[in-house]
>>> print(open('my_file-v3.txt').read())   # compact mmCIF, C-alpha atoms
# COMPACT_ATOMS: atom_id res chain seq x y z
CA MET A 14 29.11 23.19 9.82
CA LYS A 15 30.24 23.56 6.22
CA VAL A 16 29.85 20.95 3.47
CA ALA A 17 30.85 20.76 -0.19
CA PHE A 18 29.08 19.00 -3.03
CA PRO A 19 31.70 18.91 -5.83
CA LEU A 20 30.30 18.00 -9.23
CA ILE A 21 33.47 16.98 -11.05
CA GLY A 22 32.15 14.06 -13.11
CA GLN A 23 30.00 13.94 -16.22
CA ARG A 24 26.81 15.92 -16.05
CA HIS A 25 24.51 12.93 -15.67
CA GLN A 26 25.87 12.52 -12.13
CA THR A 27 24.62 15.97 -11.15
CA LEU A 28 21.01 14.87 -10.72
CA HIS A 29 22.02 12.25 -8.15
CA ALA A 30 23.76 14.65 -5.75
CA LEU A 31 22.29 18.12 -6.27
CA PRO A 32 18.82 17.41 -4.77
CA ILE A 33 20.53 16.26 -1.56
CA ALA A 34 22.59 19.46 -1.42
CA LEU A 35 19.44 21.52 -1.86
CA GLU A 36 17.58 19.57 0.82
CA VAL A 37 20.46 19.92 3.31
CA SER A 38 20.37 23.67 2.70
CA ALA A 39 16.60 23.94 3.05
CA ARG A 40 16.22 21.65 6.08
CA HIS A 41 19.37 22.58 8.02
CA PRO A 42 19.97 26.34 7.91
CA ASP A 43 22.90 25.93 10.32
CA VAL A 44 24.80 24.04 7.61
CA ALA A 45 26.59 26.07 4.91
CA VAL A 46 26.24 24.19 1.62
CA HIS A 47 28.59 24.82 -1.32
CA VAL A 48 28.04 23.30 -4.78
CA SER A 49 31.27 23.45 -6.81
CA CYS A 50 32.07 22.66 -10.45
CA LEU A 51 35.05 22.67 -12.81
CA THR A 52 33.38 24.65 -15.61
CA VAL A 53 30.99 27.56 -16.01
CA SER A 54 28.54 25.55 -18.10
CA HIS A 55 28.32 22.80 -15.48
CA LEU A 56 27.79 25.38 -12.77
CA GLU A 57 25.02 26.99 -14.80
CA LEU A 58 23.34 23.60 -15.18
CA ALA A 59 23.38 23.19 -11.40
CA ARG A 60 22.01 26.72 -10.90
CA SER A 61 19.22 26.03 -13.38
CA LEU A 62 18.17 22.82 -11.66
CA ALA A 63 18.35 24.52 -8.27
CA THR A 64 15.51 26.87 -9.29
CA LEU A 65 13.22 23.87 -8.75
CA TYR A 66 14.03 24.25 -5.05
CA PRO A 67 13.27 27.91 -4.26
CA GLU A 68 13.46 27.15 -0.55
CA ALA A 69 17.15 26.20 -0.76
CA ARG A 70 20.06 28.56 -0.14
CA VAL A 71 23.32 27.21 -1.50
CA GLN A 72 26.53 28.87 -2.64
CA PHE A 73 27.80 27.98 -6.11
CA ASP A 74 31.58 27.95 -6.55
CA LEU A 75 33.86 27.54 -9.53
CA LEU A 76 36.77 25.37 -8.47
CA PRO A 77 40.12 27.19 -8.63
CA ILE A 78 41.61 25.55 -11.71
CA SER A 79 43.57 27.22 -14.50
CA PRO A 80 41.67 28.97 -17.32
CA LYS A 81 43.49 26.70 -19.79
CA LEU A 82 42.17 23.52 -18.13
CA ARG A 83 38.68 25.00 -17.88
CA ARG A 84 38.65 25.80 -21.61
CA ARG A 85 39.92 22.34 -22.51
CA ILE A 86 37.16 20.63 -20.55
CA GLU A 87 34.51 22.88 -22.11
CA LEU A 88 35.79 22.22 -25.64
CA HIS A 89 36.85 18.58 -25.53
CA GLY A 90 34.96 16.96 -22.65
CA LEU A 91 36.05 15.66 -19.27
CA ARG A 92 38.81 13.09 -18.86
CA VAL A 93 39.85 11.30 -15.67
CA MET A 94 43.17 13.15 -15.71
CA ASP A 95 41.32 16.49 -15.89
CA ARG A 96 39.37 15.53 -12.78
CA LEU A 97 42.54 14.59 -10.91
CA ILE A 98 44.27 17.84 -11.91
CA GLY A 99 41.16 19.75 -10.86
CA LEU A 100 41.09 18.03 -7.47
CA PHE A 101 44.77 18.71 -6.86
CA ALA A 102 44.42 22.36 -7.81
CA SER A 103 41.45 22.64 -5.44
CA ARG A 104 42.91 20.78 -2.46
CA HIS A 105 43.22 23.90 -0.30
CA TYR A 106 39.58 24.77 -1.06
CA PHE A 107 38.43 21.30 0.05
CA ARG A 108 40.39 21.41 3.30
CA THR A 109 38.03 24.11 4.61
CA PHE A 110 35.00 21.78 4.77
CA ASP A 111 33.65 19.37 7.35
CA ALA A 112 32.40 17.00 4.66
CA ILE A 113 32.80 16.39 0.93
CA ILE A 114 29.72 14.76 -0.59
CA VAL A 115 30.06 13.27 -4.07
CA PRO A 116 28.29 10.97 -6.58
CA GLU A 117 31.57 9.46 -7.88
CA ALA A 118 34.69 7.85 -6.43
CA THR A 119 37.51 9.81 -8.10
CA SER A 120 37.23 12.35 -5.29
CA LEU A 121 38.64 9.75 -2.89
CA GLN A 122 42.03 10.75 -4.35
CA LEU A 123 41.78 13.90 -2.24
CA ARG A 124 42.94 11.76 0.68
CA ARG A 125 46.25 11.19 -1.14
CA MET A 126 46.45 14.91 -1.83
CA GLY A 127 46.48 15.78 1.87
CA VAL A 128 42.76 16.51 2.33
CA ARG A 129 42.17 14.33 5.40
CA ARG A 130 39.93 16.25 7.82
CA PRO A 131 36.62 16.34 5.90
CA LYS A 132 34.42 13.27 6.00
CA MET A 133 33.94 11.68 2.57
CA ILE A 134 30.33 10.83 1.74
CA TRP A 135 29.04 8.99 -1.36
CA THR A 136 25.62 9.55 -2.91
CA GLY A 137 26.08 7.14 -5.82
CA HIS A 138 24.77 7.71 -9.33
CA GLY A 139 22.63 4.91 -10.70
CA ALA A 140 21.24 1.63 -9.43
CA GLY A 141 22.22 -0.96 -12.00
CA ASP A 142 23.29 -4.53 -11.34
CA ARG A 143 26.82 -4.51 -12.79
CA ALA A 144 29.73 -5.31 -10.47
CA ILE A 145 31.23 -1.81 -10.81
CA GLY A 146 28.44 -0.53 -8.57
CA PHE A 147 29.78 -2.72 -5.76
CA ALA A 148 33.51 -2.03 -6.06
CA ARG A 149 35.49 -2.48 -2.85
CA HIS A 150 37.03 1.00 -2.98
CA LEU A 151 33.60 2.40 -2.09
CA GLY A 152 34.30 1.13 1.42
CA LYS A 153 36.80 3.97 1.80
CA PHE A 154 33.94 6.45 2.14
CA ASP A 155 32.94 7.38 5.68
CA PHE A 156 29.22 7.31 4.88
CA LEU A 157 27.23 6.08 1.90
CA LEU A 158 23.71 6.43 0.52
CA VAL A 159 22.23 3.28 -1.02
CA PRO A 160 18.96 3.20 -2.95
CA GLY A 161 17.41 -0.03 -1.67
CA ARG A 162 17.66 -3.57 -0.28
CA LYS A 163 19.28 -5.07 -3.39
CA VAL A 164 22.28 -2.73 -3.27
CA GLU A 165 22.43 -2.85 0.52
CA GLN A 166 22.63 -6.65 0.58
CA ARG A 167 25.40 -6.88 -2.01
CA MET A 168 27.40 -4.14 -0.28
CA LEU A 169 27.02 -5.85 3.10
CA GLU A 170 28.15 -9.17 1.62
CA LYS A 171 31.27 -7.51 0.18
CA GLY A 172 32.02 -5.63 3.40
CA ILE A 173 31.67 -2.23 1.74
CA ILE A 174 29.18 -0.95 4.31
CA ARG A 175 28.43 -1.76 7.92
CA PRO A 176 25.65 -0.61 10.27
CA GLY A 177 25.90 3.07 11.14
CA THR A 178 27.86 4.02 8.03
CA TYR A 179 25.05 4.20 5.47
CA HIS A 180 21.49 5.31 4.82
CA ARG A 181 19.12 3.17 2.74
CA GLY A 182 16.20 4.34 0.63
CA THR A 183 17.37 7.35 -1.42
CA TYR A 184 17.42 7.88 -5.17
CA ALA A 185 17.56 11.66 -5.35
CA LYS A 186 17.28 11.88 -9.12
CA PHE A 187 13.62 10.85 -8.87
CA ASP A 188 12.97 13.92 -6.70
CA LEU A 189 14.12 16.25 -9.48
CA VAL A 190 12.18 14.29 -12.07
CA ARG A 191 8.96 14.68 -10.08
CA ARG A 192 9.47 18.45 -9.95
CA MET A 193 10.22 18.61 -13.68
CA ASP A 194 7.42 16.39 -14.97
CA ALA A 195 4.77 19.09 -15.31
CA LYS A 196 6.94 20.84 -17.92
CA ARG A 197 7.67 17.87 -20.21
CA PRO A 198 6.39 18.22 -23.80
CA LYS A 199 5.24 15.22 -25.83
CA LEU A 200 8.14 13.55 -27.67
CA PHE A 201 6.36 12.99 -31.00
CA ASN A 202 3.25 14.39 -32.67
CA ASN A 203 1.76 11.04 -33.63
CA ASN A 204 0.11 8.02 -32.01
CA ARG A 205 2.87 5.49 -32.63
CA SER A 206 4.50 3.56 -29.79
CA THR A 207 7.89 5.02 -28.89
CA ILE A 208 10.99 2.86 -28.47
CA LEU A 209 13.99 4.11 -26.49
CA TYR A 210 17.33 2.68 -27.66
CA ASN A 211 19.83 3.26 -24.84
CA PRO A 212 23.16 1.44 -25.40
CA HIS A 213 25.94 1.50 -22.84
CA PHE A 214 29.20 3.36 -23.48
CA LEU A 215 31.77 0.62 -22.78
CA ARG A 216 32.53 -1.33 -25.97
CA ARG A 217 32.96 -4.66 -24.16
CA LEU A 218 29.44 -4.37 -22.75
CA SER A 219 27.58 -2.24 -25.28
CA SER A 220 25.35 -3.33 -28.15
CA TRP A 221 26.31 -0.19 -30.09
CA PRO A 222 29.46 -1.42 -31.95
CA GLU A 223 27.86 -4.69 -33.11
CA MET A 224 24.19 -3.78 -33.49
CA GLY A 225 23.69 -0.04 -33.16
CA HIS A 226 23.72 1.05 -36.78
CA GLN A 227 21.43 -1.85 -37.70
CA VAL A 228 18.97 -0.70 -35.04
CA LEU A 229 18.91 2.84 -36.43
CA GLN A 230 18.56 1.66 -40.01
CA PHE A 231 15.67 -0.66 -39.10
CA PHE A 232 13.70 2.15 -37.51
CA ALA A 233 14.51 4.55 -40.32
CA THR A 234 12.82 2.27 -42.88
CA GLN A 235 9.69 1.18 -40.96
CA ASP A 236 6.44 3.05 -40.31
CA ARG A 237 5.11 1.50 -37.10
CA TYR A 238 7.23 2.93 -34.27
CA ASN A 239 8.95 6.11 -33.15
CA LEU A 240 12.55 5.78 -32.04
CA VAL A 241 14.48 7.82 -29.50
CA PHE A 242 18.20 7.10 -29.76
CA ALA A 243 19.59 8.40 -26.48
CA PRO A 244 22.65 6.34 -25.49
CA HIS A 245 24.49 6.55 -22.20
CA PHE A 246 25.75 10.11 -21.84
CA ARG A 247 29.36 8.94 -22.18
CA LEU A 248 29.03 7.01 -25.47
CA PHE A 249 29.94 10.07 -27.57
CA ASP A 250 31.65 12.00 -24.78
CA ASN A 251 34.99 12.00 -26.62
CA HIS A 252 33.52 11.43 -30.11
CA ARG A 253 31.08 14.29 -30.45
CA GLU A 254 31.35 14.51 -34.23
CA GLU A 255 30.19 10.89 -34.57
CA GLY A 256 27.10 11.71 -32.57
CA GLU A 257 26.39 14.83 -34.57
CA ALA A 258 26.82 12.90 -37.83
CA LEU A 259 24.10 10.48 -36.72
CA ARG A 260 21.86 13.42 -35.89
CA ARG A 261 22.35 14.78 -39.39
CA GLN A 262 21.79 11.38 -40.99
CA TYR A 263 18.52 10.55 -39.23
CA GLY A 264 17.34 13.78 -37.63
CA HIS A 265 15.18 14.78 -40.60
CA LEU A 266 12.90 11.78 -40.06
CA PRO A 267 9.84 12.88 -38.04
CA HIS A 268 9.58 9.54 -36.23
CA MET A 269 13.21 9.48 -35.07
CA LEU A 270 14.83 11.58 -32.36
CA ILE A 271 18.64 11.39 -32.16
CA ASP A 272 20.15 12.73 -28.94
CA PRO A 273 23.88 12.00 -28.57
CA GLY A 274 24.16 13.72 -25.19
CA SER A 275 21.93 16.70 -24.37
CA HIS A 276 20.49 17.49 -20.96
CA ARG A 277 17.30 15.64 -21.92
CA SER A 278 19.33 12.43 -22.20
CA ILE A 279 20.09 12.52 -18.46
CA ASP A 280 16.92 13.91 -16.85
CA MET A 281 14.63 10.92 -17.63
CA THR A 282 12.78 12.80 -20.38
CA TYR A 283 13.14 9.72 -22.59
CA THR A 284 12.86 6.98 -19.98
CA MET A 285 9.56 8.50 -18.83
CA GLY A 286 8.30 9.18 -22.37
CA ALA A 287 8.97 5.82 -24.05
CA ASP A 288 6.74 2.76 -24.32
CA LEU A 289 9.51 0.15 -24.63
CA TYR A 290 13.15 0.02 -23.53
CA LEU A 291 15.70 -1.40 -26.00
CA GLY A 292 19.19 -1.68 -24.57
CA ASP A 293 21.95 -3.72 -23.00
CA VAL A 294 23.44 -3.03 -19.55
CA SER A 295 22.88 0.67 -18.84
CA SER A 296 21.53 1.33 -15.34
CA GLN A 297 18.93 3.58 -16.97
CA VAL A 298 16.78 0.48 -17.37
CA ALA A 299 16.34 0.56 -13.58
CA GLU A 300 15.04 4.12 -13.86
CA PHE A 301 12.77 3.09 -16.76
CA MET A 302 11.25 0.45 -14.49
CA ILE A 303 9.89 3.04 -12.09
CA ARG A 304 6.84 2.71 -14.34
CA PRO A 305 6.89 -0.94 -15.50
CA ARG A 306 6.79 -1.29 -19.29
CA PRO A 307 8.06 -3.73 -21.92
CA CYS A 308 11.80 -4.26 -22.45
CA LEU A 309 13.94 -6.00 -25.05
CA PHE A 310 17.60 -6.61 -24.21
CA LEU A 311 20.43 -6.98 -26.73
CA ASN A 312 23.08 -9.55 -25.82
CA ALA A 313 25.59 -8.49 -28.47
CA HIS A 314 28.53 -10.28 -26.81
CA HIS A 315 26.79 -13.64 -26.27
CA VAL A 316 27.19 -13.41 -22.50
CA LYS A 317 26.23 -16.45 -20.39
CA TRP A 318 24.07 -14.31 -18.17
CA HIS A 319 21.58 -16.68 -16.56
CA GLY A 320 22.03 -16.72 -12.78
CA ASN A 321 24.56 -13.87 -12.86
CA PRO A 322 23.48 -11.08 -10.45
CA ASP A 323 25.27 -8.53 -12.68
CA TYR A 324 22.55 -9.21 -15.29
CA GLN A 325 19.50 -9.41 -13.03
CA PHE A 326 17.68 -6.81 -15.15
CA TRP A 327 17.78 -9.19 -18.14
CA THR A 328 15.13 -11.24 -16.33
CA LEU A 329 12.67 -8.37 -16.87
CA GLY A 330 12.07 -8.90 -20.59
CA PRO A 331 13.10 -10.98 -23.61
CA VAL A 332 16.80 -11.15 -24.51
CA THR A 333 18.08 -11.54 -28.07
CA GLU A 334 21.57 -12.22 -29.43
CA ASN A 335 20.96 -11.14 -33.02
CA MET A 336 19.18 -8.52 -35.09
CA SER A 337 17.13 -10.82 -37.31
CA ASP A 338 13.39 -10.05 -37.34
CA LEU A 339 13.81 -7.11 -34.95
CA GLY A 340 10.26 -5.95 -35.66
CA ASP A 341 8.84 -9.32 -34.61
CA LYS A 342 10.97 -9.31 -31.47
CA ILE A 343 9.72 -5.84 -30.49
CA GLU A 344 6.13 -6.95 -31.08
CA ASN A 345 6.78 -10.05 -28.97
CA ALA A 346 8.17 -7.88 -26.14
CA PHE A 347 4.93 -5.89 -26.09
CA GLU A 348 2.77 -9.03 -26.23
CA THR A 349 4.64 -10.93 -23.51
CA HIS A 350 5.00 -8.02 -21.10
CA PRO A 351 2.28 -9.31 -18.71
CA ARG A 352 4.46 -12.29 -17.82
CA PHE A 353 7.29 -9.95 -16.73
CA LEU A 354 5.14 -7.37 -14.97
CA GLU A 355 5.32 -8.73 -11.43
CA ALA A 356 9.07 -9.32 -11.70
CA GLN A 357 9.49 -5.70 -12.81
CA ARG A 358 7.46 -4.42 -9.86
CA GLN A 359 9.49 -6.45 -7.39
CA TYR A 360 12.72 -5.30 -9.04
CA VAL A 361 11.74 -1.66 -8.55
CA LEU A 362 10.89 -2.16 -4.89
CA GLU A 363 14.09 -4.10 -4.20
CA THR A 364 16.19 -1.55 -6.08
CA PHE A 365 14.65 1.72 -4.88
CA GLU A 366 12.05 1.07 -2.15
CA THR A 367 10.03 3.77 -3.87
CA LEU A 368 7.80 4.15 -6.88
CA GLY A 369 9.04 7.71 -7.38
CA ASP A 370 5.89 9.28 -5.93
CA GLU A 371 7.48 10.57 -2.71
CA PRO A 372 10.76 12.49 -2.31
CA THR A 373 13.70 10.55 -0.86
CA ALA A 374 16.41 13.24 -0.69
CA PRO A 375 15.04 14.85 2.52
CA ALA A 376 15.73 11.70 4.55
CA ALA A 377 19.20 11.45 3.01
CA ALA A 378 19.93 15.07 3.93
CA ASP A 379 18.88 14.42 7.53
CA ALA A 380 20.93 11.21 7.67
CA ILE A 381 24.06 12.98 6.44
CA VAL A 382 23.73 15.83 8.92
CA ASP A 383 23.00 13.41 11.77
CA PHE A 384 26.10 11.36 10.86
CA LEU A 385 28.28 14.46 10.76
CA LYS A 386 27.03 15.67 14.14
CA ARG A 387 27.69 12.25 15.67
CA ALA A 388 31.14 12.13 14.07
CA ALA A 389 31.98 15.57 15.42
>>> encode(input="my_file-v3.txt", output="structure tokens")
Amino acid sequence: MKVAFPLIGQRHQTLHALPIALEVSARHPDVAVHVSCLTVSHLELARSLATLYPEARVQFDLLPISPKLRRRIELHGLRVMDRLIGLFASRHYFRTFDAIIVPEATSLQLRRMGVRRPKMIWTGHGAGDRAIGFARHLGKFDFLLVPGRKVEQRMLEKGIIRPGTYHRGTYAKFDLVRRMDAKRPKLFNNNRSTILYNPHFLRRLSSWPEMGHQVLQFFATQDRYNLVFAPHFRLFDNHREEGEALRRQYGHLPHMLIDPGSHRSIDMTYTMGADLYLGDVSSQVAEFMIRPRPCLFLNAHHVKWHGNPDYQFWTLGPVTENMSDLGDKIENAFETHPRFLEAQRQYVLETFETLGDEPTAPAAADAIVDFLKRAA
């Protein structure tokens, strides 16, 4: 049996699929596992992370795209059209596999490109509450991995999954984080509490356009907290100079860390190292909750969110619609955290069925191989 794990999306998706590839390789030596990428730098990232699994034996492939396209992606970032061109150029490569296992849904377009024999399997990438995580097109996958009961229930209600076509209880990113934790340095050399500001990338949902610069300026001029500004990886994906300008503007301040999109912004370095989460709708708040801590949510668009399952995470801390007295609101979030603590614990268990202390990718690897053998 031969399976492919294409990593054709943004790099933050890598951590959700790669541990499963490595576990399939380690646990099922009769399965040939190929990890494939569009660019050399992405492939090197995957190779680097794979060193955390010395027992695995995978083959790393560069997808057969043109040198011109590869250079453009490296220089200017990844666009949806680049992914589609890359898939089309690689269609003959993908036809040689029994299964194609991905963390995104763009790869479903391979079906329209004549790649019909391999089973399509979805690992997902994130466990937030927004509706996009429960889109109907996910039902086109032959097999899906879901992190926990919350996602399972919503997918069953929408008819996306049915018994026998999914495995519940995997969030593979946590497996990598556990293996990396021993190497994490302290974020700041002081005893201040650290706030993580993590705005989403979509303007219609994000607090960044309306509130972001005010947040940064507030922290720049106070002496009580550290701030890590690590937005969703895609916020500055096509505006890298804007992110670098912010780094230059605030990076000299010893209590502020500006990260517009490095590897540390996707490997939970900041979600594990912060004392309070400040954000809007990014699914990273679900990862932050693996160790319950205070949160403060920014409702920049005055959303009527009460009772809306797409905003369930806003029940886990105070929500504010304006930037007045931000310092007082942060202090209040710390002081009132005990009243949200049990809700946070239940949210984690419903979302992930794990507290991150045991690996979940091995069971996913076994479930995938078992499905493929049954399907064969």
>>> atom_distance(input="my_file-v3.txt", atom1="CA of Leu354 in chain A", atom2="CA of Tyr290 in chain A")
13.9 Å
>>> residues_around(input="my_file-v3.txt", residues="range 91-103 of chain A", least_positions_apart="3", cutoff="6 Å", atoms="only C-alpha atoms", output="PyMOL selection string")
chain A and resi 77-78+86+106
>>> closest_residue(input="my_file-v3.txt", among="A:Ala378, A:Arg197, A:Leu362, A:His252", to="Ala39 in chain A", atoms="all atoms listed in the file")
A:Ala378
>>> residues_around(input="my_file-v3.txt", residues="Cys308 in chain A", least_positions_apart="2", cutoff="12 Å", atoms="only C-alpha atoms", output="PyMOL selection string")
chain A and resi 207-211+284+287-293+297-299+301-302+304-306+310-311+326-333+342-354+357
>>> closest_atom_pairs(input="my_file-v3.txt", of="range 225-323 of chain A", to="range 23-33 of chain A", cutoff="9 Å", atoms="all atoms listed in the file", output="CSV")
residue,atom,partner,partner_atom,distance
A:Phe246,CA,A:His25,CA,6.9
A:Arg247,CA,A:Gln23,CA,7.8
A:Asp250,CA,A:Gln23,CA,8.9
A:His276,CA,A:His25,CA,8.1
A:Ser278,CA,A:His25,CA,8.4
A:Ile279,CA,A:His25,CA,5.2
A:Asp280,CA,A:Leu28,CA,7.4
>>> residues_around(input="my_file-v3.txt", residues="Thr178 in chain A", least_positions_apart="6", cutoff="12 Å", atoms="all atoms listed in the file", output="list of chain:residue names")
A:Lys132, A:Met133, A:Ile134, A:Trp135, A:Leu151, A:Gly152, A:Lys153, A:Phe154, A:Asp155, A:Phe156, A:Leu157, A:Leu158, A:Val159, A:Glu165, A:Met168, A:Leu169, A:Gly172, A:Ala380, A:Ile381, A:Asp383, A:Phe384, A:Leu385, A:Arg387, A:Ala388
>>> closest_residue(input="my_file-v3.txt", among="A:Arg260, A:Pro198, A:Leu82, A:Lys386", to="Lys15 in chain A", atoms="only C-alpha atoms")
A:Lys386
>>> atom_distance(input="my_file-v3.txt", atom1="CA of Gln359 in chain A", atom2="CA of Pro244 in chain A")
25.8 Å
>>> closest_residue(input="my_file-v3.txt", among="A:Met336, A:Val190, A:Leu248, A:Leu215", to="Val228 in chain A", atoms="all atoms listed in the file")
A:Met336
>>> axis_aligned_box(input="my_file-v3.txt", around="range 75-89 of chain A", padding_each_side="5 Å", output="JSON")
{"center_x": 38.7, "center_y": 23.8, "center_z": -17.1, "size_x": 19.7, "size_y": 20.4, "size_z": 27.2}
>>> residues_around(input="my_file-v3.txt", residues="Glu363 in chain A", least_positions_apart="3", cutoff="8 Å", atoms="only C-alpha atoms", output="ChimeraX atom specification")
/A:161-163,359-360,366
>>> residues_around(input="my_file-v3.txt", residues="range 52-59 of chain A", least_positions_apart="6", cutoff="7 Å", atoms="only C-alpha atoms", output="PyMOL selection string")
chain A and resi 75+83+87
>>> closest_residue(input="my_file-v3.txt", among="A:Val16, A:Met285, A:Met193, A:Val37", to="Ser61 in chain A", atoms="only C-alpha atoms")
A:Met193
>>> closest_residue(input="my_file-v3.txt", among="A:Gly340, A:Pro67, A:Gly90, A:Pro267", to="Asn239 in chain A", atoms="only C-alpha atoms")
A:Pro267
>>> atom_distance(input="my_file-v3.txt", atom1="CA of Asp370 in chain A", atom2="CA of Arg181 in chain A")
17.0 Å
>>> decode(input="my_file-v3.txt", residues="range 284-330 of chain A", atoms="C-alpha atoms", output="short mmCIF file (atom, residue, chain, number, x, y, z; two decimals), in the first residue's frame")
data_model
loop_
_atom_site.label_atom_id
_atom_site.label_comp_id
_atom_site.auth_asym_id
_atom_site.auth_seq_id
_atom_site.Cartn_x
_atom_site.Cartn_y
_atom_site.Cartn_z
CA THR A 284 -0.19 29.64 23.17
CA MET A 285 1.72 27.50 25.68
CA GLY A 286 3.86 30.40 26.96
CA ALA A 287 1.20 33.08 27.56
CA ASP A 288 -0.85 33.80 30.67
CA LEU A 289 -3.87 35.35 28.93
CA TYR A 290 -5.36 35.04 25.45
CA LEU A 291 -6.53 38.24 23.72
CA GLY A 292 -8.22 37.63 20.40
CA ASP A 293 -11.36 37.26 18.32
CA VAL A 294 -12.29 34.10 16.39
CA SER A 295 -9.04 32.26 15.66
CA SER A 296 -9.23 28.53 16.41
CA GLN A 297 -5.94 28.93 18.27
CA VAL A 298 -8.00 29.80 21.34
CA ALA A 299 -9.07 26.14 21.40
CA GLU A 300 -5.41 25.13 21.49
CA PHE A 301 -4.74 27.73 24.22
CA MET A 302 -7.45 26.07 26.31
CA ILE A 303 -5.54 22.81 26.54
CA ARG A 304 -4.23 24.45 29.72
CA PRO A 305 -7.15 26.60 30.95
CA ARG A 306 -6.18 30.25 31.49
CA PRO A 307 -7.86 33.67 31.31
CA CYS A 308 -9.20 35.01 28.00
CA LEU A 309 -10.50 38.35 26.78
CA PHE A 310 -12.35 38.42 23.46
CA LEU A 311 -12.64 41.42 21.13
CA ASN A 312 -15.99 41.80 19.38
CA ALA A 313 -14.85 44.46 16.91
CA HIS A 314 -17.83 43.96 14.57
CA HIS A 315 -20.56 44.10 17.25
CA VAL A 316 -21.71 40.56 16.46
CA LYS A 317 -24.88 39.28 18.17
CA TRP A 318 -23.09 36.18 19.32
CA HIS A 319 -25.08 34.88 22.29
CA GLY A 320 -26.49 31.43 21.55
CA ASN A 321 -24.59 31.15 18.25
CA PRO A 322 -22.59 27.88 18.16
CA ASP A 323 -20.04 29.57 15.84
CA TYR A 324 -19.04 31.71 18.85
CA GLN A 325 -19.12 29.08 21.59
CA PHE A 326 -15.56 29.98 22.65
CA TRP A 327 -16.74 33.50 23.59
CA THR A 328 -18.46 31.90 26.59
CA LEU A 329 -15.01 31.11 28.03
CA GLY A 330 -14.07 34.65 29.09
#
